[in-house]
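Have a look at the structure below, then the notes.
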Amino acid sequence: MGRFLLGELAARLGVELVGDGALSIDGVADLAEARPGQIAPATDPARLEEACTTAASALIVSRPLEHARAAQLVCADPRRALGLLLELFAEPPGLDDQERGVDPRAAVHAAAGVAPTAWVGPFTYVGPGAQVGEGSRVEPFTYVGRGARVGRRCTLGPGATLAAGCTLADDATLAPGAVVGGDGFGFWRDGAGWHRVPSAAAVSVGAGSTVGANSCVDRGTLCDTRVGRGVQIDNLVQVGHNVRVEDGALLCAQVGLAGGAIVEADAVLAGQVGVADHRRVGRGARVGAQSGIVQEVPPGAEVSGTPALPHGRWLRSSVLFSRLADLARQVRALGREVSRLAARDGAAQEDNRR
Amino acid sequence: MGRFLLGELAARLGVELVGDGALSIDGVADLAEARPGQIAPATDPARLEEACTTAASALIVSRPLEHARAAQLVCADPRRALGLLLELFAEPPGLDDQERGVDPRAAVHAAAGVAPTAWVGPFTYVGPGAQVGEGSRVEPFTYVGRGARVGRRCTLGPGATLAAGCTLADDATLAPGAVVGGDGFGFWRDGAGWHRVPSAAAVSVGAGSTVGANSCVDRGTLCDTRVGRGVQIDNLVQVGHNVRVEDGALLCAQVGLAGGAIVEADAVLAGQVGVADHRRVGRGARVGAQSGIVQEVPPGAEVSGTPALPHGRWLRSSVLFSRLADLARQVRALGREVSRLAARDGAAQEDNRR
Amino acid sequence: MGRFLLGELAARLGVELVGDGALSIDGVADLAEARPGQIAPATDPARLEEACTTAASALIVSRPLEHARAAQLVCADPRRALGLLLELFAEPPGLDDQERGVDPRAAVHAAAGVAPTAWVGPFTYVGPGAQVGEGSRVEPFTYVGRGARVGRRCTLGPGATLAAGCTLADDATLAPGAVVGGDGFGFWRDGAGWHRVPSAAAVSVGAGSTVGANSCVDRGTLCDTRVGRGVQIDNLVQVGHNVRVEDGALLCAQVGLAGGAIVEADAVLAGQVGVADHRRVGRGARVGAQSGIVQEVPPGAEVSGTPALPHGRWLRSSVLFSRLADLARQVRALGREVSRLAARDGAAQEDNRR
């Protein structure tokens, strides 16, 4: 665990310092638990009082707090500051010596290749022709199928599956229980029932990407299902066969992409979103939680709802949905009033005729 | 398997008996499969005829059935009666002798502690500093990370992961494939792409709680993600980083809680509900299936829909949604009628002027 | 890899051939990657130009393409043609010799039965009384519980769980991480909190059925949870306790069926659909993505939405939902006009009185 002067931290982060730069800082903690020498994020308006009374020596704030006793780092992006400080103060990876090389309890095929600096833990399976690159970690209960390739500095968490022929580029991560390379879910049907279309291709996951815990990426039919570079996939996400998720896209938990869907670069899909087969979410688009995408989403658009609408329109419609009973009541009242006027109008006409 | 007099069972359950208390009962079965000597639940109105003709010696009913031949236990809470009887007649746990101690095929670190009455099965991993308490079961393919702690009488199902530093209190259960302690899904961004905010804290699961099959609970950033006591989490549920699920809450299958969400004590979330980040579901609130919570849910409230509304209001709006075409038609018809009246009114005005 | 004359393939598939039947074909590939000697599907209207310029020797089309140079197989069901051709050209299963019998690193109980032609891989658990049938594959990290039965030619993917007493009929598949036989999620409650109703029964999966990656099927209370024959279950699906999924039903990814739900034969549920407890989806019904079923769905019906409506009605209501602001505006305008007319009418009445 390191120790830094507060002024030094402000300079590293490139943020404004309010207070004594000579304070010595050795960690990050929550406001309520911090002790002197630690720095705490204080960006939650609901915790203003705690921010003013915390024992922390310094605060991460988005604008200066007037009544805080602690010094303050004023950050345009407090989340960035927190992230960088946590990395700085994190304990070094601290691998045991035993976490190098191939554990004698691993089942590594004779025709597989494991780089010398990789760790292949106990109770792992590495199939014929599979490759594990330098510095990668293959944790217990992980399956690396026949001919699969793991790049450098990858992590395959406990119970992850990288099926036959699938590839992870450098610095990619499979979280615990992730399944990359299951069979695609496409069928044709005759009198005998469903027949599955075989998945002749595999899955490729790009550099620096993560597939979250218990998430699934199915293999492609003729071309690989592709997850680009720097893609962040949360837990329990389903990525169907032949899907393409481009660089820098972010899929929150429980998102489902049906077969052949395309998520373009830097698009962000919030939790539980569904995308229908072969639909495209444009570059940098943002899709609200639980939305259902059944039509193309233009680049940069913000959409919500099922079927998805431009976000503002969905919001207005949702407010009116919540008041539909009022609207219906108004229409009924109008109907009565119009009937009354029409009756009077008819009576007047009668009068005129007479 | 035990054998009890029916009168004795009625007394144990504290329920009313209709019929012969001297009947001997040795099991519970479904109406259609029960044989004499067994007791069967008969609370489904659609199965009334079966209830009258079953071979079961006794029935669990919520009110007395007139034409049943079998004796009847009249229960205010038939589900409770069923649950207690099933426990009574269940076979004793029947652990093999081999299911004690540490299996020689387990990978238990020298610096881990396993209580003598615990079972650590074959092909398990228990890391340095990890602890497994008295009477706990660590099933095959289960991962107990560095410094993780398993209380007494816990069960970790096949393929469960309890990551480094996470804790299970006494009598807690991880169902098969549950992942407790994956990294949180929080990021900051710059020109190089997404940067993950490290998860410096862990997960604590309280006494008597269950995390369902293939469900995920992510670790916290600075403070542990907390699952309280007696919390019931179904399968395929996502619990994000920094979430707090309080005592006695119940989360049905495929619920997703985004980072920092709070579910207060005894709240019940039906299947596929999503809760946005930092939102709070109040004590004892009930959230309908597939709802999306984007605002605070008050204690005791019943809400449904996305965005969630008070349940009754959502129901009324949903009925009107299903009839929106009618409403639009009425508005069009009113529009025509009002135009006609306005035209006549205009004409009358003309007449008057002349 | 086989090699066939194109005319022979057309005859096998029973489809019309446009072009030279004497062409020799040795594989299937994507339009963009195909080389001479391969056949490529060309059914995507957006890829018409590629279809005309591909190096593939032959195309799978649904109607003849005018400007294509390649020969064409004109197929009423191109997906069927693709599926059959992929099977034809797929490499033979190619099991290693080592993938026969029981791996010495497997934990197979002395009182379990494994057929001689089955493969039980390294780091597997087969409990007392469990049976594994002829030609079945039990992949690494798979758990076959006490008394569970695996039929012939089944596949249990890496990390799958078949819990105690559950059965797989012939030709069934558990994809990686599937959990069959977790405890049901039913409770009764008293002052002490939730009490789980024990699951005294198990799960039976019928012949030729598949349970997808990381999907869960819970065991029954008194009768087995039943998955019929030829049922296709995608990834991350939840099938609750006491559910019945009948023959030939198809459940897409992230579907959730609550306890006691019934999905009748050949029904198709699209992604992320939820079915409430004890609800029934009729034979051959089709349920749109993300729908919520809270009432009976009649046989053959097509429904969408939450709560689900007939599909056409849901579509109309959804279009009107997207324009609710317009409708509300019209109602407000009508209100103003009606007030004006009423005021004039009142004034006229005044005039008349004078």
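Ligands are numbered from 1 in the order shown, chains are lettered A, B, ... in the order of the structure tokens, and residues start at 1 in each chain.
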
Select all residues from chain B having any atom no more than 8 Å from an atom of chain A (counting only C-alpha atoms, ignoring ligands), output as a PDB file with C-alpha atoms, in the first residue's frame.
ATOM      1  CA  ALA B 107      -7.585 -28.129  -3.508  1.00  0.00           C
ATOM      2  CA  PHE B 123     -12.742 -30.758  -7.212  1.00  0.00           C
ATOM      3  CA  TYR B 125     -10.943 -24.818  -4.397  1.00  0.00           C
ATOM      4  CA  PHE B 141     -16.588 -27.338  -8.571  1.00  0.00           C
ATOM      5  CA  TYR B 143     -14.656 -21.854  -5.499  1.00  0.00           C
ATOM      6  CA  GLY B 159     -20.146 -24.640  -9.387  1.00  0.00           C
ATOM      7  CA  THR B 161     -18.254 -19.046  -6.575  1.00  0.00           C
ATOM      8  CA  GLY B 177     -23.630 -21.667 -10.308  1.00  0.00           C
ATOM      9  CA  VAL B 179     -21.447 -16.049  -8.353  1.00  0.00           C
ATOM     10  CA  GLY B 182     -17.680 -10.643  -9.192  1.00  0.00           C
ATOM     11  CA  PHE B 185     -19.774  -2.774 -13.330  1.00  0.00           C
ATOM     12  CA  PHE B 187     -16.712   2.834 -15.330  1.00  0.00           C
ATOM     13  CA  TRP B 188     -15.247   6.161 -16.197  1.00  0.00           C
ATOM     14  CA  ARG B 189     -14.357   7.071 -19.705  1.00  0.00           C
ATOM     15  CA  GLY B 193     -12.318   3.979 -23.772  1.00  0.00           C
ATOM     16  CA  TRP B 194     -13.909   2.602 -20.643  1.00  0.00           C
ATOM     17  CA  HIS B 195     -11.944   2.280 -17.407  1.00  0.00           C
ATOM     18  CA  ARG B 196     -13.393   0.106 -14.714  1.00  0.00           C
ATOM     19  CA  VAL B 197     -13.592   1.512 -11.191  1.00  0.00           C
ATOM     20  CA  PRO B 198     -11.976  -1.185  -9.050  1.00  0.00           C
ATOM     21  CA  ALA B 200     -12.027  -2.640  -3.325  1.00  0.00           C
ATOM     22  CA  ASN B 214     -26.648 -18.753 -11.601  1.00  0.00           C
ATOM     23  CA  SER B 215     -27.477 -15.510  -9.787  1.00  0.00           C
ATOM     24  CA  CYS B 216     -24.775 -12.872  -9.374  1.00  0.00           C
ATOM     25  CA  LEU B 222     -15.548   0.971  -0.913  1.00  0.00           C
ATOM     26  CA  CYS B 223     -18.125  -0.794   1.265  1.00  0.00           C
ATOM     27  CA  LEU B 236     -30.629 -15.606 -12.559  1.00  0.00           C
ATOM     28  CA  GLN B 238     -28.382  -9.651 -10.800  1.00  0.00           C
ATOM     29  CA  GLN B 254     -34.323 -12.562 -13.281  1.00  0.00           C
ATOM     30  CA  GLY B 256     -31.900  -6.910 -11.754  1.00  0.00           C
ATOM     31  CA  ALA B 258     -28.357  -1.722 -10.611  1.00  0.00           C
ATOM     32  CA  GLY B 274     -35.436  -3.897 -12.782  1.00  0.00           C
ATOM     33  CA  GLY B 292     -39.009  -0.839 -13.915  1.00  0.00           C
ATOM     34  CA  PRO B 307     -41.919   3.449 -15.110  1.00  0.00           C
ATOM     35  CA  LEU B 309     -47.070   3.378 -10.965  1.00  0.00           C
ATOM     36  CA  ARG B 313     -53.515   3.033 -11.461  1.00  0.00           C
ATOM     37  CA  TRP B 314     -51.251   0.930 -13.679  1.00  0.00           C
ATOM     38  CA  ARG B 316     -56.568   1.044 -15.093  1.00  0.00           C
ATOM     39  CA  SER B 317     -54.102   2.601 -17.521  1.00  0.00           C
ATOM     40  CA  LEU B 320     -57.282   1.821 -21.350  1.00  0.00           C
ATOM     41  CA  PHE B 321     -54.072   1.156 -23.303  1.00  0.00           C
ATOM     42  CA  LEU B 327     -60.533   6.239 -27.421  1.00  0.00           C
ATOM     43  CA  GLN B 330     -64.201   8.594 -30.012  1.00  0.00           C
ATOM     44  CA  VAL B 331     -61.998  11.662 -30.166  1.00  0.00           C
ATOM     45  CA  LEU B 334     -66.228  14.123 -31.312  1.00  0.00           C
ATOM     46  CA  GLU B 337     -69.417  16.507 -34.371  1.00  0.00           C
ATOM     47  CA  VAL B 338     -67.858  19.618 -32.853  1.00  0.00           C
ATOM     48  CA  LEU B 341     -71.821  22.249 -34.517  1.00  0.00           C
TER      49      LEU B 341
END

Just how far from atom CA of Gly165 of chain C is atom CA of Ala202 of chain C, in Å to one decimal?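 The value is 5.9 Å.
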
From segment 45-179 of chain C, collect each residue whose DSSP state is helix (DSSP H, G or I) and return the set as an MDAnalysis selection string. chainID C and resid 45:53 78:89

For Glu66 of chain A, which residue out of A:Val18, A:Ile39, A:Leu168, A:Ile25 is the nearest one, using only C-alpha atoms?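 Nearest candidate to Glu66 of chain A out of A:Val18, A:Ile39, A:Leu168, A:Ile25: A:Val18.
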
Excluding Gly37 of chain C and residues on its chain fewer than 6 positions from it, collect all residues at most 8 Å away from it, counting only C-alpha atoms, and give them as a list in words. Leu23, Ser24, Ile25, Asp26, Gly27, Ala56, Ser57 and Ala58 of chain C

With C-alpha atoms retained, export the selected residues as a tab-separated table (two decimals), in the first residue's frame.
chain	number	residue	atom	x	y	z
C	23	LEU	CA	-20.23	-28.50	-60.15
C	24	SER	CA	-18.29	-30.07	-57.32
C	25	ILE	CA	-19.12	-28.67	-53.87
C	26	ASP	CA	-17.10	-29.27	-50.73
C	27	GLY	CA	-18.35	-26.80	-48.19
C	56	ALA	CA	-18.93	-19.12	-54.28
C	57	SER	CA	-19.84	-21.73	-56.89
C	58	ALA	CA	-23.43	-21.91	-55.77

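Pairwise distance (atom CA of Ala172 of chain B, atom CA of Gly186 of chain B) equals 27.5 Å.
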
Could you check the closest approach to Ala11 of chain C for each of C:Ala68, C:Ile262, C:Ala148, C:Val74 and tell me which residue wins, using only C-alpha atoms?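 Selected residue with least distance to Ala11 of chain C: C:Val74.
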
Mind the document's chain letters and residue numbers, and return as a ChimeraX atom specification the residues of segment 195-329 of chain A that DSSP labels strand (DSSP E). /A:195-196,203-205,210-211,216-218,225-227,232-233,238-239,244-245,250-251,256-257,262-263,268-269,274-275,280-281,286-287,292-293,302-304,309-310

Between atom CA of Leu251 of chain C and atom CA of Gly284 of chain C, what is the spacing in Å?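 We find that atom CA of Gly284 of chain C and atom CA of Leu251 of chain C lie 12.3 Å from each other.
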